[in-house]
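query.tsv follows; it contains TSV, C-alpha atoms.
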```tsv
chain	number	residue	atom	x	y	z
R	704	MET	CA	-13.85	-13.39	-43.84
R	705	ALA	CA	-15.17	-10.97	-46.45
R	706	VAL	CA	-17.23	-8.10	-45.22
R	707	ALA	CA	-19.23	-7.85	-48.40
R	708	THR	CA	-20.27	-10.35	-51.03
R	709	LYS	CA	-19.10	-9.93	-54.55
R	710	SER	CA	-21.83	-8.60	-56.77
R	711	LYS	CA	-21.57	-9.30	-60.49
R	712	LEU	CA	-20.00	-5.87	-60.90
R	713	LEU	CA	-17.44	-6.37	-58.16
R	714	LYS	CA	-16.50	-9.77	-59.63
R	715	LEU	CA	-15.91	-8.06	-62.97
R	716	MET	CA	-13.88	-5.37	-61.25
R	717	ASN	CA	-11.71	-8.09	-59.78
R	718	GLU	CA	-11.09	-9.34	-63.31
R	719	GLN	CA	-10.27	-5.82	-64.45
R	720	ILE	CA	-7.23	-5.91	-62.16
R	721	LYS	CA	-5.92	-8.70	-64.37
R	722	PHE	CA	-6.60	-6.72	-67.57
R	723	GLU	CA	-4.76	-3.69	-66.25
R	724	LEU	CA	-1.81	-5.81	-65.10
R	725	ASP	CA	-1.81	-7.63	-68.46
R	726	SER	CA	-1.57	-4.16	-70.00
R	727	GLU	CA	1.39	-3.33	-67.80
R	728	HIS	CA	3.11	-6.56	-68.79
R	729	LEU	CA	2.41	-5.98	-72.48
R	730	TYR	CA	3.80	-2.44	-72.42
R	731	ARG	CA	6.86	-3.70	-70.54
R	732	SER	CA	7.36	-6.32	-73.27
R	733	MET	CA	6.97	-3.63	-75.94
R	734	ALA	CA	9.64	-1.63	-74.08
R	735	ALA	CA	11.91	-4.68	-74.08
R	736	TRP	CA	11.45	-4.97	-77.87
R	737	ALA	CA	12.07	-1.25	-78.36
R	738	HIS	CA	15.32	-1.47	-76.35
R	739	SER	CA	16.47	-4.42	-78.46
R	740	GLN	CA	15.87	-2.35	-81.61
R	741	GLY	CA	17.71	0.67	-80.26
R	742	TRP	CA	14.57	2.78	-79.81
R	743	HIS	CA	15.39	3.78	-76.25
R	744	GLY	CA	13.15	6.84	-76.29
R	745	MET	CA	10.13	4.74	-77.22
R	746	ALA	CA	11.20	2.22	-74.58
R	747	GLN	CA	11.12	4.99	-71.96
R	748	TRP	CA	7.62	6.05	-73.10
R	749	LEU	CA	6.46	2.44	-72.91
R	750	HIS	CA	7.98	1.94	-69.43
R	751	VAL	CA	6.12	5.01	-68.18
R	752	GLN	CA	2.93	3.67	-69.77
R	753	ALA	CA	3.48	0.31	-68.05
R	754	ASN	CA	3.86	2.04	-64.67
R	755	GLU	CA	0.63	3.91	-65.31
R	756	GLU	CA	-1.20	0.66	-65.94
R	757	LYS	CA	0.05	-0.67	-62.60
R	758	GLY	CA	-1.50	2.41	-61.02
R	759	HIS	CA	-4.79	1.62	-62.77
R	760	ALA	CA	-4.74	-1.94	-61.46
R	761	MET	CA	-4.19	-0.68	-57.93
R	762	ARG	CA	-7.15	1.71	-58.22
R	763	PHE	CA	-9.42	-1.28	-58.79
R	764	PHE	CA	-7.60	-3.25	-56.08
R	765	ASP	CA	-8.07	-0.39	-53.60
R	766	HIS	CA	-11.73	0.09	-54.50
R	767	LEU	CA	-12.47	-3.57	-53.80
R	768	VAL	CA	-10.57	-3.40	-50.51
R	769	ASP	CA	-12.50	-0.27	-49.54
R	770	ARG	CA	-15.75	-2.05	-50.37
R	771	GLY	CA	-14.78	-4.90	-48.05
R	772	VAL	CA	-14.45	-7.38	-50.88
R	773	LYS	CA	-11.60	-9.89	-51.03
R	774	VAL	CA	-9.34	-9.39	-54.03
R	775	GLU	CA	-8.31	-12.51	-55.93
R	776	LEU	CA	-5.35	-12.07	-58.20
R	777	LEU	CA	-5.50	-13.95	-61.50
R	778	ALA	CA	-2.77	-15.35	-63.74
R	779	LEU	CA	-1.25	-12.96	-66.28
R	780	ASP	CA	-0.70	-13.91	-69.90
R	781	GLU	CA	2.72	-14.21	-71.49
R	782	PRO	CA	2.91	-11.05	-73.55
R	783	LYS	CA	3.78	-10.80	-77.23
R	784	ARG	CA	7.51	-10.16	-77.63
R	785	ASP	CA	8.21	-9.11	-81.19
R	786	TRP	CA	6.91	-6.46	-83.53
R	787	ALA	CA	7.93	-5.60	-87.08
R	788	SER	CA	8.25	-1.85	-86.47
R	789	PRO	CA	7.56	0.99	-84.05
R	790	LEU	CA	4.40	1.71	-86.04
R	791	GLU	CA	3.17	-1.82	-85.40
R	792	VAL	CA	3.83	-1.39	-81.68
R	793	TYR	CA	1.79	1.78	-81.42
R	794	ARG	CA	-0.98	0.47	-83.64
R	795	GLU	CA	-1.26	-2.48	-81.30
R	796	ALA	CA	-1.11	-0.21	-78.27
R	797	TYR	CA	-4.02	1.78	-79.71
R	798	GLU	CA	-6.04	-1.37	-80.40
R	799	HIS	CA	-5.28	-2.56	-76.89
R	800	GLU	CA	-6.48	0.68	-75.34
R	801	LYS	CA	-9.72	0.39	-77.29
R	802	PHE	CA	-10.10	-3.12	-75.90
R	803	ILE	CA	-9.61	-1.80	-72.37
R	804	THR	CA	-12.11	0.98	-72.99
R	805	GLY	CA	-14.59	-1.73	-73.96
R	806	LYS	CA	-14.03	-3.42	-70.63
R	807	ILE	CA	-14.43	-0.15	-68.73
R	808	ASN	CA	-17.64	0.52	-70.64
R	809	ASP	CA	-18.98	-2.92	-69.68
R	810	LEU	CA	-18.20	-2.15	-66.05
R	811	THR	CA	-19.85	1.26	-66.32
R	812	ALA	CA	-23.04	-0.17	-67.82
R	813	LEU	CA	-23.20	-2.86	-65.16
R	814	ALA	CA	-22.55	-0.39	-62.34
R	815	LYS	CA	-25.51	1.69	-63.57
R	816	GLN	CA	-27.66	-1.41	-63.85
R	817	GLU	CA	-26.82	-2.39	-60.27
R	818	ASN	CA	-27.13	1.21	-59.01
R	819	ASP	CA	-23.67	0.86	-57.50
R	820	TYR	CA	-23.05	4.56	-56.89
R	821	PRO	CA	-19.49	4.35	-55.47
R	822	ALA	CA	-18.48	2.22	-58.45
R	823	ILE	CA	-20.14	4.62	-60.90
R	824	VAL	CA	-18.12	7.51	-59.49
R	825	MET	CA	-14.91	5.48	-59.45
R	826	LEU	CA	-15.41	4.38	-63.05
R	827	GLN	CA	-15.90	7.96	-64.22
R	828	TRP	CA	-12.20	8.49	-63.64
R	829	PHE	CA	-11.55	5.58	-65.99
R	830	ASN	CA	-14.00	6.83	-68.62
R	831	GLU	CA	-11.93	9.99	-68.82
R	832	GLU	CA	-8.60	8.18	-68.51
R	833	GLN	CA	-9.39	5.91	-71.44
R	834	VAL	CA	-10.08	8.92	-73.66
R	835	GLU	CA	-6.54	10.08	-72.85
R	836	GLU	CA	-5.04	6.61	-73.34
R	837	GLU	CA	-6.68	6.07	-76.72
R	838	TYR	CA	-5.70	9.53	-77.86
R	839	SER	CA	-2.07	9.34	-76.76
R	840	THR	CA	-1.47	5.99	-78.48
R	841	TYR	CA	-3.42	7.09	-81.57
R	842	ARG	CA	-1.38	10.27	-81.84
R	843	VAL	CA	1.91	8.42	-81.87
R	844	ALA	CA	0.64	5.79	-84.31
R	845	ARG	CA	-0.57	8.55	-86.64
R	846	MET	CA	2.78	10.33	-86.48
R	847	LEU	CA	4.62	7.08	-87.23
R	848	GLU	CA	2.29	6.39	-90.15
R	849	ARG	CA	3.14	9.76	-91.60
R	850	ILE	CA	6.92	9.45	-91.31
R	851	LYS	CA	6.99	5.85	-92.60
R	852	ASP	CA	10.62	4.69	-92.91
R	853	ASP	CA	12.27	8.09	-92.70
R	854	ILE	CA	15.06	7.26	-90.31
R	855	GLY	CA	15.83	10.90	-89.48
R	856	ALA	CA	12.22	11.53	-88.51
R	857	LEU	CA	12.10	8.28	-86.52
R	858	ILE	CA	15.15	9.32	-84.54
R	859	VAL	CA	13.55	12.67	-83.73
R	860	VAL	CA	10.26	11.03	-82.72
R	861	ASP	CA	12.12	8.49	-80.59
R	862	LYS	CA	13.89	11.33	-78.79
R	863	GLN	CA	10.60	13.16	-78.22
R	864	LEU	CA	8.91	10.08	-76.84
R	865	GLY	CA	11.87	9.54	-74.53
R	866	ALA	CA	11.08	12.80	-72.78
R	867	ARG	CA	8.01	11.28	-71.16
R	868	LYS	CA	8.37	11.05	-67.41
R	869	ASP	CA	6.52	9.09	-64.74
B	955	MET	CA	28.63	-9.44	-74.45
B	956	ILE	CA	26.49	-11.85	-72.48
B	957	THR	CA	26.10	-15.55	-73.11
B	958	LYS	CA	22.72	-17.04	-74.06
B	959	LYS	CA	22.89	-19.11	-70.88
B	960	MET	CA	23.28	-16.00	-68.72
B	961	GLN	CA	20.61	-14.15	-70.70
B	962	ASP	CA	18.19	-17.03	-70.13
B	963	ALA	CA	19.07	-17.19	-66.43
B	964	ILE	CA	18.48	-13.48	-65.97
B	965	ASN	CA	15.20	-13.59	-67.91
B	966	GLU	CA	14.12	-16.42	-65.65
B	967	GLN	CA	15.06	-14.33	-62.63
B	968	VAL	CA	13.00	-11.38	-63.93
B	969	LYS	CA	10.09	-13.81	-63.94
B	970	HIS	CA	10.86	-14.94	-60.36
B	971	GLU	CA	10.98	-11.37	-59.10
B	972	ILE	CA	7.70	-10.47	-60.82
B	973	ASP	CA	6.13	-13.68	-59.45
B	974	SER	CA	7.35	-12.61	-56.00
B	975	ALA	CA	5.77	-9.18	-56.37
B	976	TYR	CA	2.51	-10.89	-57.29
B	977	ILE	CA	2.57	-13.38	-54.41
B	978	TYR	CA	3.16	-10.57	-51.93
B	979	LEU	CA	0.35	-8.53	-53.45
B	980	SER	CA	-1.89	-11.56	-52.97
B	981	MET	CA	-0.80	-11.76	-49.34
B	982	ALA	CA	-1.69	-8.06	-49.03
B	983	ALA	CA	-5.17	-8.79	-50.44
B	984	ASN	CA	-5.48	-11.62	-47.96
B	985	PHE	CA	-4.50	-9.40	-45.03
B	986	HIS	CA	-6.94	-6.68	-46.08
B	987	ASP	CA	-9.67	-9.29	-46.16
B	988	GLN	CA	-8.75	-10.46	-42.65
B	989	GLY	CA	-8.50	-6.94	-41.26
B	990	TRP	CA	-4.73	-6.88	-40.76
B	991	GLU	CA	-4.24	-3.48	-42.36
B	992	GLY	CA	-0.71	-3.01	-41.08
B	993	MET	CA	0.45	-6.34	-42.46
B	994	ALA	CA	-1.35	-5.57	-45.73
B	995	HIS	CA	0.62	-2.33	-45.93
B	996	TRP	CA	3.90	-4.17	-45.24
B	997	MET	CA	3.12	-6.64	-48.04
B	998	ARG	CA	2.29	-3.87	-50.51
B	999	LYS	CA	5.69	-2.32	-49.81
B	1000	GLN	CA	7.36	-5.71	-50.19
B	1001	SER	CA	5.56	-6.28	-53.48
B	1002	HIS	CA	6.83	-2.94	-54.74
B	1003	GLU	CA	10.37	-3.80	-53.68
B	1004	GLU	CA	10.25	-7.03	-55.70
B	1005	ARG	CA	9.26	-4.99	-58.73
B	1006	THR	CA	12.35	-2.85	-58.32
B	1007	HIS	CA	14.39	-6.08	-58.19
B	1008	ALA	CA	12.85	-7.21	-61.48
B	1009	GLU	CA	13.66	-3.80	-62.95
B	1010	LYS	CA	17.32	-4.13	-61.93
B	1011	PHE	CA	17.68	-7.41	-63.83
B	1012	PHE	CA	15.69	-6.03	-66.80
B	1013	LYS	CA	17.96	-2.97	-66.92
B	1014	HIS	CA	21.08	-5.13	-66.73
B	1015	LEU	CA	20.06	-7.11	-69.82
B	1016	VAL	CA	19.27	-3.92	-71.73
B	1017	GLU	CA	22.64	-2.44	-70.75
B	1018	ARG	CA	24.41	-5.62	-71.87
B	1019	GLU	CA	22.77	-5.23	-75.32
B	1020	SER	CA	20.78	-8.33	-74.54
B	1021	ARG	CA	17.14	-9.34	-75.03
B	1022	VAL	CA	14.58	-9.19	-72.25
B	1023	GLU	CA	11.86	-11.80	-72.68
B	1024	LEU	CA	8.91	-11.49	-70.32
B	1025	LYS	CA	6.98	-14.58	-69.35
B	1026	ALA	CA	3.51	-15.35	-68.03
B	1027	VAL	CA	2.80	-14.69	-64.36
B	1028	ALA	CA	1.29	-17.61	-62.46
B	1029	GLN	CA	-1.87	-17.18	-60.43
B	1030	PRO	CA	-0.65	-16.80	-56.87
B	1031	LYS	CA	-2.01	-18.64	-53.87
B	1032	ASN	CA	-4.80	-16.62	-52.42
B	1033	GLY	CA	-5.59	-17.62	-48.84
B	1034	TRP	CA	-3.58	-18.01	-45.67
B	1035	ALA	CA	-5.39	-18.91	-42.49
B	1036	THR	CA	-3.21	-16.82	-40.17
B	1037	PRO	CA	-0.56	-14.11	-40.37
B	1038	LEU	CA	1.98	-16.66	-39.14
B	1039	GLU	CA	1.17	-18.97	-42.05
B	1040	ALA	CA	1.57	-16.15	-44.56
B	1041	PHE	CA	4.87	-14.91	-43.17
B	1042	LYS	CA	6.24	-18.45	-42.88
B	1043	GLU	CA	5.53	-18.83	-46.58
B	1044	ALA	CA	7.14	-15.45	-47.29
B	1045	TYR	CA	10.28	-16.65	-45.48
B	1046	LYS	CA	10.25	-19.92	-47.41
B	1047	HIS	CA	9.85	-17.98	-50.64
B	1048	GLU	CA	12.79	-15.71	-49.88
B	1049	LYS	CA	14.97	-18.74	-49.27
B	1050	PHE	CA	13.85	-20.08	-52.65
B	1051	ILE	CA	14.85	-16.79	-54.29
B	1052	THR	CA	18.21	-16.84	-52.50
B	1053	GLY	CA	18.77	-20.28	-54.00
B	1054	LYS	CA	18.14	-18.90	-57.47
B	1055	ILE	CA	20.51	-15.99	-56.89
B	1056	ASN	CA	23.18	-18.35	-55.64
B	1057	GLN	CA	22.84	-20.49	-58.77
B	1058	MET	CA	23.36	-17.40	-60.88
B	1059	VAL	CA	26.38	-16.34	-58.82
B	1060	LYS	CA	27.95	-19.71	-59.62
B	1061	LEU	CA	27.09	-19.38	-63.32
B	1062	ALA	CA	28.58	-15.88	-63.50
B	1063	GLU	CA	31.77	-17.19	-61.88
B	1064	GLU	CA	31.97	-20.09	-64.34
B	1065	GLU	CA	31.49	-17.74	-67.28
B	1066	LYS	CA	33.80	-15.09	-65.84
B	1067	ASP	CA	30.95	-12.62	-66.32
B	1068	TYR	CA	32.26	-9.97	-63.95
B	1069	ALA	CA	29.56	-7.43	-64.71
B	1070	ALA	CA	26.84	-9.92	-63.83
B	1071	SER	CA	28.80	-10.93	-60.74
B	1072	VAL	CA	28.76	-7.38	-59.42
B	1073	LEU	CA	25.00	-7.13	-59.97
B	1074	LEU	CA	24.48	-10.48	-58.30
B	1075	ASN	CA	26.60	-9.49	-55.30
B	1076	TRP	CA	24.07	-6.74	-54.65
B	1077	PHE	CA	21.37	-9.40	-54.67
B	1078	VAL	CA	23.33	-11.70	-52.38
B	1079	ASP	CA	23.36	-8.89	-49.80
B	1080	GLU	CA	19.75	-8.05	-50.50
B	1081	GLN	CA	18.66	-11.63	-49.92
B	1082	VAL	CA	20.36	-11.69	-46.53
B	1083	GLU	CA	18.18	-8.70	-45.64
B	1084	GLU	CA	15.01	-10.21	-47.16
B	1085	GLU	CA	15.42	-13.53	-45.36
B	1086	ASN	CA	16.24	-11.80	-42.11
B	1087	ASN	CA	13.22	-9.47	-42.31
B	1088	ALA	CA	10.87	-12.38	-42.94
B	1089	ALA	CA	12.47	-14.58	-40.28
B	1090	LEU	CA	12.21	-11.82	-37.69
B	1091	ILE	CA	8.51	-11.37	-38.32
B	1092	VAL	CA	7.92	-15.13	-38.15
B	1093	GLN	CA	9.76	-15.16	-34.83
B	1094	GLN	CA	7.65	-12.31	-33.48
B	1095	LEU	CA	4.43	-13.96	-34.63
B	1096	GLU	CA	5.42	-17.26	-33.03
B	1097	ARG	CA	6.15	-15.47	-29.78
B	1098	VAL	CA	2.86	-13.54	-29.84
B	1099	GLY	CA	0.85	-16.69	-30.53
B	1100	ASP	CA	-2.88	-16.01	-30.30
B	1101	SER	CA	-2.55	-12.93	-28.11
B	1102	ALA	CA	-4.96	-10.38	-29.56
B	1103	VAL	CA	-3.04	-7.45	-28.07
B	1104	GLY	CA	0.26	-8.88	-29.31
B	1105	LEU	CA	-1.08	-9.25	-32.84
B	1106	TYR	CA	-2.65	-5.81	-32.73
B	1107	VAL	CA	0.64	-4.19	-31.71
B	1108	LEU	CA	2.64	-6.18	-34.27
B	1109	ASP	CA	0.17	-5.28	-37.01
B	1110	ALA	CA	0.51	-1.60	-36.10
B	1111	GLU	CA	4.33	-1.90	-36.17
B	1112	LEU	CA	4.37	-3.52	-39.59
B	1113	GLY	CA	2.01	-0.85	-40.85
B	1114	LYS	CA	4.73	1.72	-40.28
B	1115	ARG	CA	7.01	0.34	-43.02
B	1116	GLU	CA	8.17	3.04	-45.36
```

Please render this file's structure as structure tokens.
Amino acid sequence: MAVATKSKLLKLMNEQIKFELDSEHLYRSMAAWAHSQGWHGMAQWLHVQANEEKGHAMRFFDHLVDRGVKVELLALDEPKRDWASPLEVYREAYEHEKFITGKINDLTALAKQENDYPAIVMLQWFNEEQVEEEYSTYRVARMLERIKDDIGALIVVDKQLGARKD
Amino acid sequence: MITKKMQDAINEQVKHEIDSAYIYLSMAANFHDQGWEGMAHWMRKQSHEERTHAEKFFKHLVERESRVELKAVAQPKNGWATPLEAFKEAYKHEKFITGKINQMVKLAEEEKDYAASVLLNWFVDEQVEEENNAALIVQQLERVGDSAVGLYVLDAELGKRE
């Protein structure tokens, strides 16, 4: 028995759990690809990113629980499995983050429309977080664009990315 | 080196473990909705544990220079009328997973894949624990029946899981 009914915003928030978990799954798949190519540093970076996405999903999950709304988990898509290069991976990661930002922006606009103050505050964390997510993926993509096929540089970058911790 | 058959089996098991994590998270959502906060907490912990299981299989494939291939995650069931119903299903699910592990144990033996066998032995033990934990809770819930105090105490107990 739900304590609260799902407003349009809260329904959309429920869906956002899926998008964040899809992100986790995608990054995990990117990590699997990176491992298979011998880019273990990038794989580590991508694993950490995947874990972060799980945390994002749980923020939405927890908010809905706190609002007395029943969470309904949705199916997750089979993620892409192969990429041509590390550059392609990070370009896609950057595009994906921009997609997620779009979703967060939709939620933000709707929360303001509905005057849902707790949601507005909660979403502010995500507004900021998405700036960081877009930037961090963009930065790596830009670096990889610059070094192109230089294997020495790629090895160094891979090592640097591998330093990322949870 | 790992055979394609074993690689496929392990990839399938990664899927099963992730599916498990998702089902348990759905049970947690269900318990939150019904006001069983302790049971919800227990399920969140269980969900997390399933993820670590998936990670073990994932890591094994990577360390065997093999390819991890992630699959779609099915939409889990989303409503259980009572705690007993949910935990009965959890127990049934663990027995299903044990069956999958056992199939892989047999495959590893047939292929003389000793490395996989060692990993799977860990899971054989783990599944004994998983089945037992679920069975114990089912037993307690059956004993408590509809007793409000009984359920309240049990919920509080389960909420203590670390």

Within 9 Å of chain B: residues of chain R, using only C-alpha atoms, as a PyMOL selection string: chain R and resi 704-706+728-729+731-732+735-736+738-739+764+768+771-784

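With all atoms listed in the file as the atoms that count, the minimum distance from R:Pro821 to the choices R:Arg770, R:Lys801, R:Lys851, R:Lys711 is reached by R:Arg770.
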
Within 8 Å of stretch 1077-1093 of chain B using all atoms listed in the file, minus same-chain residues under 4 positions, as a count of residues only: 13

Coordinates-based distance that separates atom CA of B:Asn1075 from atom CA of B:Glu1116 (Å, one decimal):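 So the answer is 24.4 Å.
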
Point-to-point distance in Å for atom CA of R:Met761 and atom CA of R:Asn808: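 Result for atom CA of R:Asn808 versus atom CA of R:Met761: 18.5 Å, one decimal.
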
Selection: 9 Å around R:Leu826, only C-alpha atoms, excl. self and same-chain fewer than 4 positions, as a VMD selection string: chain R and resid 807 to 808 810 to 811 814 821 to 822 830 to 831

Atom-to-atom span, atom CA of R:Val859 and atom CA of R:Met733, Å: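 So the answer is 19.2 Å.
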
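Counting all atoms listed in the file, the residue from R:Tyr838, R:Asp765, R:Arg867, R:Ile850 that sits nearest to R:Gln752 is R:Arg867.
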
Residue contacts of R:Leu715 (10 Å, all atoms listed in the file) excluding same-chain residues fewer than 3 positions away, as a compact mmCIF listing (two decimals) with C-alpha atoms, keeping the file's coordinate frame:
```txt
# COMPACT_ATOMS: atom_id res chain seq x y z
CA LYS R 709 -19.10 -9.93 -54.55
CA SER R 710 -21.83 -8.60 -56.77
CA LYS R 711 -21.57 -9.30 -60.49
CA LEU R 712 -20.00 -5.87 -60.90
CA GLU R 718 -11.09 -9.34 -63.31
CA GLN R 719 -10.27 -5.82 -64.45
CA ILE R 720 -7.23 -5.91 -62.16
CA LYS R 806 -14.03 -3.42 -70.63
CA ILE R 807 -14.43 -0.15 -68.73
CA ASP R 809 -18.98 -2.92 -69.68
CA LEU R 810 -18.20 -2.15 -66.05
CA LEU R 813 -23.20 -2.86 -65.16
```

Axis-aligned box for all listed atoms of stretch 806-814 of chain R, 4 Å per side, centre and edges in Å to one decimal, as JSON:
```
{"center_x": -18.6, "center_y": -1.1, "center_z": -66.5, "size_x": 17.2, "size_y": 12.7, "size_z": 16.3}
```
